[in-house]
Structures are given as C-alpha cells and as structure tokens.
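Q: If it helps, the file is called structure.txt and holds compact mmCIF, C-alpha atoms:
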```txt
# COMPACT_ATOMS: atom_id res chain seq x y z
CA MET P 1 0.00 0.00 0.00
CA LYS P 2 0.92 3.64 -0.39
CA ILE P 3 0.64 5.31 3.00
CA LEU P 4 0.83 8.98 3.99
CA VAL P 5 1.93 9.52 7.60
CA THR P 6 1.44 13.07 8.83
CA GLY P 7 3.69 13.96 11.76
CA GLY P 8 5.75 10.90 10.91
CA CYS P 9 9.00 12.26 12.35
CA GLY P 10 7.59 12.49 15.88
CA TYR P 11 7.65 10.21 18.90
CA ILE P 12 5.21 7.63 17.51
CA GLY P 13 6.02 8.11 13.83
CA SER P 14 9.73 7.40 14.34
CA VAL P 15 8.79 3.91 15.51
CA LEU P 16 5.80 3.35 13.21
CA VAL P 17 7.36 4.34 9.88
CA PRO P 18 10.21 1.78 9.97
CA LYS P 19 7.64 -0.93 10.75
CA LEU P 20 5.56 0.07 7.73
CA LEU P 21 8.65 -0.02 5.53
CA ASP P 22 9.61 -3.45 6.87
CA GLN P 23 6.20 -4.67 5.73
CA GLY P 24 6.93 -3.48 2.20
CA HIS P 25 4.67 -0.43 2.10
CA GLU P 26 5.52 2.75 0.25
CA VAL P 27 5.53 5.55 2.82
CA ILE P 28 5.31 9.32 2.46
CA VAL P 29 6.02 11.30 5.63
CA VAL P 30 4.94 14.91 5.99
CA ASP P 31 6.29 16.70 9.04
CA ILE P 32 7.07 20.29 9.98
CA MET P 33 10.20 18.96 11.74
CA TRP P 34 10.21 21.12 14.83
CA PHE P 35 12.03 18.20 16.44
CA GLY P 36 14.15 17.23 13.46
CA ASN P 37 14.12 13.96 11.53
CA VAL P 38 15.67 10.73 12.78
CA LEU P 39 14.17 8.47 10.10
CA GLN P 40 16.73 6.49 8.13
CA LYS P 41 16.77 6.73 4.34
CA HIS P 42 14.89 3.97 2.53
CA ASP P 43 14.05 3.28 -1.11
CA LYS P 44 10.33 3.31 -0.32
CA LEU P 45 10.38 6.33 1.99
CA ASN P 46 9.83 9.95 0.97
CA VAL P 47 10.16 12.46 3.81
CA ILE P 48 8.82 15.95 3.09
CA GLU P 49 9.35 18.91 5.39
CA MET P 50 6.12 20.89 5.27
CA ASP P 51 3.28 22.19 7.40
CA VAL P 52 0.31 19.82 7.39
CA GLN P 53 -1.92 22.90 7.24
CA ASP P 54 -0.85 23.31 3.61
CA VAL P 55 -3.55 20.81 2.71
CA ASP P 56 -3.72 21.64 -1.01
CA ASN P 57 -0.12 20.50 -1.40
CA LEU P 58 -0.25 17.38 0.73
CA PRO P 59 0.95 14.47 -1.48
CA MET P 60 -2.24 12.39 -1.47
CA THR P 61 -2.41 11.33 -5.12
CA GLY P 62 -2.41 7.54 -5.27
CA VAL P 63 -2.38 7.22 -1.49
CA ASP P 64 -4.40 4.32 -0.06
CA VAL P 65 -4.27 5.19 3.65
CA ILE P 66 -3.55 8.28 5.74
CA ILE P 67 -2.24 7.79 9.26
CA ASN P 68 -2.75 11.16 10.95
CA LEU P 69 -0.28 11.72 13.78
CA ALA P 70 0.28 15.44 13.19
CA ASN P 71 -1.04 17.58 16.04
CA ILE P 72 -0.15 20.13 18.67
CA ALA P 73 0.31 17.62 21.45
CA ASN P 74 -0.38 17.81 25.22
CA ASP P 75 -2.01 20.36 27.50
CA PRO P 76 0.88 22.83 27.98
CA CYS P 77 1.43 23.13 24.22
CA GLY P 78 -2.29 23.60 23.63
CA ASP P 79 -2.35 26.37 26.23
CA LEU P 80 0.76 28.01 24.76
CA ASN P 81 -0.88 28.56 21.37
CA SER P 82 -4.55 27.73 21.51
CA LYS P 83 -5.30 29.19 18.08
CA LEU P 84 -2.67 27.04 16.41
CA SER P 85 -3.96 23.95 18.23
CA TRP P 86 -7.46 24.44 16.86
CA GLU P 87 -6.16 25.15 13.37
CA VAL P 88 -3.86 22.10 13.22
CA ASN P 89 -5.87 19.60 15.25
CA VAL P 90 -9.35 20.44 13.95
CA LEU P 91 -9.53 22.70 10.90
CA THR P 92 -6.76 20.85 9.08
CA ALA P 93 -8.46 17.54 9.89
CA MET P 94 -11.57 18.67 8.05
CA LYS P 95 -9.73 20.03 5.02
CA MET P 96 -7.47 16.99 4.79
CA THR P 97 -10.38 14.55 4.93
CA GLU P 98 -12.34 16.37 2.24
CA ARG P 99 -9.33 16.38 -0.09
CA ALA P 100 -8.56 12.73 0.72
CA ILE P 101 -12.10 11.77 -0.34
CA GLU P 102 -11.74 13.75 -3.58
CA LEU P 103 -8.52 11.90 -4.41
CA GLY P 104 -9.85 8.45 -3.60
CA VAL P 105 -8.02 7.70 -0.36
CA LYS P 106 -9.68 4.63 1.14
CA GLN P 107 -8.92 4.91 4.86
CA ILE P 108 -7.91 7.36 7.58
CA LEU P 109 -6.36 6.18 10.82
CA HIS P 110 -6.40 9.04 13.30
CA SER P 111 -4.52 9.30 16.58
CA SER P 112 -6.88 10.90 19.08
CA SER P 113 -6.37 10.71 22.85
CA GLY P 114 -7.74 8.92 25.89
CA SER P 115 -7.76 12.34 27.57
CA VAL P 116 -10.99 13.27 25.75
CA TYR P 117 -12.94 11.59 28.58
CA GLY P 118 -11.80 14.11 31.17
CA LEU P 119 -12.42 13.32 34.83
CA LYS P 120 -14.35 10.06 35.22
CA GLU P 121 -15.63 8.27 38.33
CA GLU P 122 -16.45 5.03 36.49
CA ASP P 123 -14.16 2.12 37.28
CA GLN P 124 -13.71 1.40 33.57
CA VAL P 125 -13.85 4.08 30.89
CA THR P 126 -15.32 2.59 27.72
CA GLU P 127 -15.88 4.12 24.31
CA ASP P 128 -19.59 4.71 24.92
CA LEU P 129 -19.10 7.08 27.86
CA SER P 130 -19.56 10.82 27.44
CA LEU P 131 -16.62 13.01 26.49
CA VAL P 132 -15.99 15.88 28.90
CA PRO P 133 -12.57 17.28 27.91
CA LEU P 134 -10.95 19.63 30.39
CA SER P 135 -8.26 21.46 28.41
CA ASP P 136 -8.01 23.10 25.00
CA TYR P 137 -5.88 20.18 23.82
CA ASN P 138 -8.49 17.64 24.98
CA LYS P 139 -11.25 19.68 23.35
CA THR P 140 -9.46 19.82 20.00
CA LYS P 141 -9.06 16.05 20.09
CA MET P 142 -12.76 15.56 20.77
CA ILE P 143 -13.89 17.91 18.00
CA ALA P 144 -11.39 16.42 15.55
CA GLU P 145 -12.92 13.00 16.21
CA ARG P 146 -16.36 14.34 15.36
CA VAL P 147 -15.03 15.93 12.20
CA PHE P 148 -13.42 12.70 10.99
CA MET P 149 -16.42 10.56 11.92
CA SER P 150 -18.79 12.90 10.06
CA TYR P 151 -17.20 11.62 6.84
CA GLN P 152 -17.44 7.91 7.68
CA ASP P 153 -20.03 7.28 4.98
CA GLN P 154 -17.47 8.43 2.39
CA ILE P 155 -14.20 7.03 3.76
CA THR P 156 -13.27 4.32 6.27
CA VAL P 157 -12.28 5.97 9.54
CA HIS P 158 -10.55 4.27 12.48
CA MET P 159 -10.32 6.54 15.51
CA ILE P 160 -7.70 5.40 18.05
CA ARG P 161 -7.75 6.85 21.57
CA PRO P 162 -4.30 6.01 22.97
CA ALA P 163 -3.49 5.98 26.65
CA THR P 164 -0.33 7.81 27.69
CA VAL P 165 2.40 6.37 25.52
CA CYS P 166 5.65 5.20 27.09
CA GLY P 167 8.91 3.64 26.02
CA TYR P 168 11.93 4.42 23.87
CA SER P 169 11.76 5.94 20.39
CA PRO P 170 14.50 7.41 18.23
CA ARG P 171 12.68 10.67 19.07
CA THR P 172 11.78 9.94 22.68
CA ARG P 173 9.49 12.27 24.57
CA LEU P 174 10.39 12.86 28.22
CA ASP P 175 7.23 14.86 28.98
CA VAL P 176 5.06 11.74 29.34
CA ALA P 177 4.64 10.12 32.74
CA VAL P 178 6.61 6.85 32.62
CA ASN P 179 9.48 8.26 30.58
CA MET P 180 9.67 11.46 32.62
CA LEU P 181 9.72 9.82 36.04
CA THR P 182 12.20 7.19 34.92
CA MET P 183 14.53 9.82 33.50
CA GLN P 184 14.32 11.80 36.75
CA ALA P 185 15.51 8.69 38.56
CA CYS P 186 18.36 8.21 36.09
CA VAL P 187 19.59 11.80 36.11
CA ASN P 188 18.85 13.01 39.66
CA GLN P 189 18.02 9.93 41.73
CA ARG P 190 15.08 12.08 42.79
CA ILE P 191 11.54 11.69 41.45
CA THR P 192 8.98 14.47 41.83
CA VAL P 193 5.39 13.27 41.82
CA PHE P 194 2.56 15.78 41.47
CA GLY P 195 -0.40 14.39 43.39
CA GLY P 196 0.30 10.72 42.91
CA ASP P 197 -3.13 9.19 43.50
CA GLN P 198 -4.34 9.91 39.96
CA THR P 199 -4.78 6.72 37.99
CA ARG P 200 -3.69 6.94 34.38
CA PRO P 201 -3.79 4.40 31.55
CA ASN P 202 -0.56 3.58 29.73
CA ILE P 203 0.46 1.91 26.49
CA HIS P 204 3.92 1.01 25.23
CA ILE P 205 5.01 2.72 22.03
CA GLN P 206 5.58 -0.63 20.33
CA ASP P 207 1.99 -1.60 21.09
CA ILE P 208 0.38 1.64 19.91
CA THR P 209 2.31 1.50 16.64
CA ASP P 210 1.18 -2.10 16.27
CA VAL P 211 -2.43 -0.96 16.77
CA PHE P 212 -2.15 1.32 13.73
CA ILE P 213 -0.62 -1.49 11.69
CA TYR P 214 -3.30 -3.89 12.91
CA PHE P 215 -6.09 -1.71 11.48
CA LEU P 216 -4.21 -0.89 8.30
CA GLY P 217 -6.34 -1.76 5.29
CA LYS P 218 -9.29 -2.99 7.33
CA GLY P 219 -12.71 -2.18 5.91
CA PRO P 220 -15.72 -0.23 7.20
CA GLU P 221 -17.02 -3.23 9.14
CA THR P 222 -14.32 -2.53 11.77
CA ALA P 223 -14.47 1.28 11.53
CA GLY P 224 -15.12 3.40 14.61
CA VAL P 225 -13.54 4.46 17.88
CA TYR P 226 -11.16 2.29 19.89
CA ASN P 227 -9.50 2.86 23.24
CA ALA P 228 -5.88 1.69 23.34
CA GLY P 229 -4.42 1.36 26.83
CA PHE P 230 -3.62 -1.70 28.88
CA GLU P 231 -2.14 -0.69 32.25
CA ASN P 232 -4.11 1.57 34.58
CA ILE P 233 -1.76 2.55 37.39
CA SER P 234 -1.27 5.57 39.61
CA ILE P 235 1.41 8.18 39.05
CA LEU P 236 2.93 7.26 42.41
CA GLU P 237 3.07 3.60 41.43
CA ILE P 238 4.94 4.52 38.25
CA ALA P 239 7.48 6.39 40.38
CA GLU P 240 7.79 3.41 42.72
CA ARG P 241 8.42 1.09 39.79
CA ALA P 242 11.16 3.37 38.49
CA ASN P 243 12.59 3.54 42.01
CA GLU P 244 12.88 -0.27 42.08
CA LYS P 245 15.30 -0.08 39.15
CA ILE P 246 17.11 3.16 40.08
CA PRO P 247 16.93 3.79 43.85
CA SER P 248 15.73 7.38 44.22
CA GLU P 249 14.12 9.81 46.61
CA ILE P 250 10.41 10.16 45.79
CA VAL P 251 9.02 13.62 46.57
CA VAL P 252 5.23 14.01 46.47
CA THR P 253 3.80 17.50 45.97
CA GLU P 254 0.36 18.96 45.31
CA SER P 255 -1.12 18.78 41.83
CA ASN P 256 -3.63 20.97 39.99
CA ASP P 257 -4.33 18.18 37.50
CA PRO P 258 -7.36 16.19 38.71
CA ARG P 259 -7.60 13.75 35.77
CA SER P 260 -7.92 10.18 36.99
CA TYR P 261 -9.46 7.40 34.94
CA ARG P 262 -9.09 3.76 33.90
CA LEU P 263 -9.18 3.17 30.18
CA ASN P 264 -10.99 0.01 29.15
CA SER P 265 -9.76 -1.50 25.87
CA ASP P 266 -11.97 -4.60 25.72
CA LYS P 267 -13.42 -3.46 22.39
CA LEU P 268 -9.96 -3.45 20.82
CA LEU P 269 -9.00 -6.75 22.43
CA ALA P 270 -12.22 -8.33 21.14
CA THR P 271 -11.05 -7.73 17.56
CA GLY P 272 -8.08 -10.01 18.19
CA PHE P 273 -5.37 -7.44 18.92
CA LYS P 274 -2.93 -8.54 21.62
CA PRO P 275 -0.44 -6.20 23.32
CA LYS P 276 3.09 -7.49 23.80
CA TYR P 277 4.78 -4.86 25.96
CA ASN P 278 4.23 -3.08 29.29
CA VAL P 279 5.30 -0.25 31.60
CA ALA P 280 8.01 -2.38 33.22
CA TYR P 281 9.62 -2.90 29.81
CA ALA P 282 9.40 0.83 29.06
CA ILE P 283 11.16 1.70 32.33
CA GLU P 284 13.95 -0.76 31.61
CA GLU P 285 14.53 0.45 28.06
CA ILE P 286 14.56 4.13 29.08
CA ILE P 287 17.18 3.30 31.70
CA GLU P 288 19.23 1.28 29.21
CA ALA P 289 19.01 4.01 26.58
CA TYR P 290 20.15 6.65 29.07
CA GLN P 291 22.98 4.59 30.51
CA SER P 292 24.26 3.66 27.05
CA GLY P 293 24.23 7.29 25.92
CA LYS P 294 21.56 6.64 23.30
CA LEU P 295 19.06 8.88 25.11
CA ILE P 296 20.07 12.36 26.26
CA ASP P 297 17.86 14.53 28.43
CA ASN P 298 17.59 17.75 26.42
CA ASP P 299 14.99 20.29 25.30
CA ASN P 300 14.22 18.35 22.13
CA CYS P 301 12.59 15.66 24.28
CA TYR P 302 10.02 18.12 25.62
CA ASN P 303 7.32 19.51 23.33
CA ILE P 304 6.65 22.67 25.33
CA ARG P 305 10.34 23.60 25.63
CA THR P 306 10.86 23.20 21.89
CA MET P 307 7.78 25.26 21.01
CA LYS P 308 8.96 28.05 23.29
CA LYS P 309 12.48 27.99 21.81
CA LEU P 310 10.97 28.27 18.32
CA ASN P 311 8.59 31.05 19.45
CA ILE P 312 5.59 29.10 18.22
```
Before anything else, please render the file you have as structure tokens.
A:
Amino acid sequence: MKILVTGGCGYIGSVLVPKLLDQGHEVIVVDIMWFGNVLQKHDKLNVIEMDVQDVDNLPMTGVDVIINLANIANDPCGDLNSKLSWEVNVLTAMKMTERAIELGVKQILHSSSGSVYGLKEEDQVTEDLSLVPLSDYNKTKMIAERVFMSYQDQITVHMIRPATVCGYSPRTRLDVAVNMLTMQACVNQRITVFGGDQTRPNIHIQDITDVFIYFLGKGPETAGVYNAGFENISILEIAERANEKIPSEIVVTESNDPRSYRLNSDKLLATGFKPKYNVAYAIEEIIEAYQSGKLIDNDNCYNIRTMKKLNI
C-alpha cells in the first residue's frame, strides 16, 4: 500500500514508519520537523518537510491510507498557542479529509487521545461514555474525532484513543509520565510526583504503533472508535516502579491536574489485537538508553520547551 503519515518524524512516527517499511509499504512522511528527523533513508520512503496545514499541497495522489499523527500535542502546548492547536488539530483535519475523499483515499487512521474523557468516576472508561474534555488540547481532540467521523459514509475511519504512551523511540518524549519519572531517577536519583493518587492508563510505544498497523487496510465493518491502553496505574506507582530499578528519593507535591481514569480497551481486544509490551519494559529500556548514551535529556525531548524555543 501507499501510506501517507502526517507527523511521521515524531515520537510515535519514528517507531511506526520503519515498521511500515519493513512490511513493504511505500511511505510518504509529511512533518514540519520542529524536532528534526531521525528516520533512516529507505528506497520506499519519501520524507517531506512541510506544514500539514498546507492541505492543497499534501501528497495524497495515489495514497491508499492516511495515518494522521500530526497535532499540537499535550495540554501545555495547547495552552501556549490555543489558536494554532485548533487550526492544526481540527480545521486541518476537516480540510485533509475532504481532499482525501476527492482523491480516492480509502482509509484514515487518526490518533486521538484517551484524555478526551476528562475526569471520570467510572471504574472502567469505555468508548460509549460521554466526552468531557478539560483542556483546550483535549477539546481539539474531541472535535477532531467528530469531524473525521462525520465523513465515515465516504471514507473508512478508524479513531484510536491512545493511553499515555511510554517507552523508547529514536525521538523519545520525556514529557510523558513513565518516561519522565524514569529519567528523573536516572539523572537526579530524585523523582517528583505531582499528586500521585491519579490513575492513568498507559500503552507502550511498540503496542500503539502495532495498533495502527493492525487496522491498516481494514474495511468499514471494523471502523469506529477504539481505546488503546492496557495498564491503569497511579502516578505514584509509576514512580515506585522506576525507584525499584534506580533507587531514588520520591518527593510528592500537590497537583492541579485532577484527571484520573481507567481506560478500558476490551473493544480493541475483542477484535483479536494482543499487546506485547508493558510499563516495566518501558522503564527498563529508558534506563538502558540513558545509561548507554543513546538517550540524552535535552529540550528536544520536551514539546513545550521546543515550542517556546521556536517562538511558536
């Protein structure tokens, strides 16, 4: 297949794209490259540095599937430039889908977020629960879902709601819970936990990239929204798990982030998908990558720091 991956140079894309190439697909990556490009050259890979908002020039001719990873990601970045978040995450989604339909693209796989549910008291958060997003970022993700799904009678749409992603990538993010707390242990032997009691769902980066591959080319009979998260654990427990590998002082402070929920992914599991990795593996590989010098704690690993440096 010919696949367009928007935002393909990012945290998830840097793991997903090589997998697609290994399967023999022809891949086009469009990325604005705020964080650079770590993808290796390949005969079937074309990497284009461009803004996904330039929809009229997106290379969609002959494309079978779009995997949409491009977005202004996480709450701090959404707050930093709310207007840009709405333009990239929502308006561009609409324009891109309409053009994809015109050009005969068969399927869109969109990376949404488990954060669209907001604060939930239910023991298990399933896809049929109401969406009550708390931040601008969460709201853009919710509206983008509705935009994509409004076209589902014209194009096959698979909407993936990932839990917090963890684990090593050639472009690792250190502003996500497991990676961040593990890196604090590695660098400082001191882990700062904000709140700690909040339960958050997690998914390893190898598993979330496998979810996209799993749905690749599937027809409208499987279309719809799917949660993707397999370990619901508290922030404090994540810190304690990192502490087991790198003995550290754990400091608990107050938090202004009340989000606490357990993502239920039974719908995804019922299709036959099986996760292979976990938080423990992510902690170990972050430690190994740091100790081997493969992973360096710098501004490029933090979305908000990079956006501020670029005056975005």
Q: What's the separation between CA of Val125 (chain P) and CA of Tyr214 (chain P), in Å to one decimal place?
A: 22.3 Å
Q: Which residue out of P:Ile312, P:Met159, P:Leu119, P:Val279 has the minimum interatomic distance to Ile72 (chain P) when all atoms listed in the file are used?
A: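 Nearest to Ile72 (chain P): P:Ile312.
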Q: Considering all atoms listed in the file, give me a table of residues in region 55-154 of chain P that are at most 12 Å from region 179-199 of chain P, with the closest atom pair and distance in Å for each, as CSV.
A:
```
residue,atom,partner,partner_atom,distance
P:Leu119,CA,P:Gln198,CA,10.2
P:Lys120,CA,P:Thr199,CA,10.5
P:Glu121,CA,P:Thr199,CA,11.0
P:Glu122,CA,P:Thr199,CA,11.9
P:Asp123,CA,P:Thr199,CA,10.5
P:Gln124,CA,P:Thr199,CA,11.3
P:Val125,CA,P:Thr199,CA,11.8
```
Q: My list of candidates is P:Asp64, P:Glu237, P:Glu127, P:Asp43. Which is closest to Ala177 (chain P) when distances are computed with all atoms listed in the file?
A: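 So, comparing all the options, the nearest one is P:Glu237.
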Q: Taking 6 positions as the minimum chain separation for residues in the same chain, which residues sit within 7 Å of Ile67 (chain P) when counting all atoms listed in the file? Answer as an MDAnalysis selection string.
A: chainID P and resid 4:6 108:110
Q: Between P:Gly229, P:Gly78, P:Pro247, P:Gly36, which has the minimum distance to His204 (chain P) (counting all atoms listed in the file)?
A: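 Checking each of P:Gly229, P:Gly78, P:Pro247, P:Gly36 against His204 (chain P), counting all atoms listed in the file, the winner is P:Gly229.
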Q: Using all atoms listed in the file, which of the listed residues (P:Gly62, P:Pro76, P:Gly24, P:Gly8) sits closest to Val47 (chain P)?
A: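 With all atoms listed in the file as the atom set, the closest residue is P:Gly8.
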Q: Select, from P:Thr222, P:Ser169, P:Thr156, P:Asn227, the residue with the minimum atom-to-atom distance to Lys294 (chain P), counting only C-alpha atoms.
A: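 Ranked by minimum distance to Lys294 (chain P), first place goes to P:Ser169.
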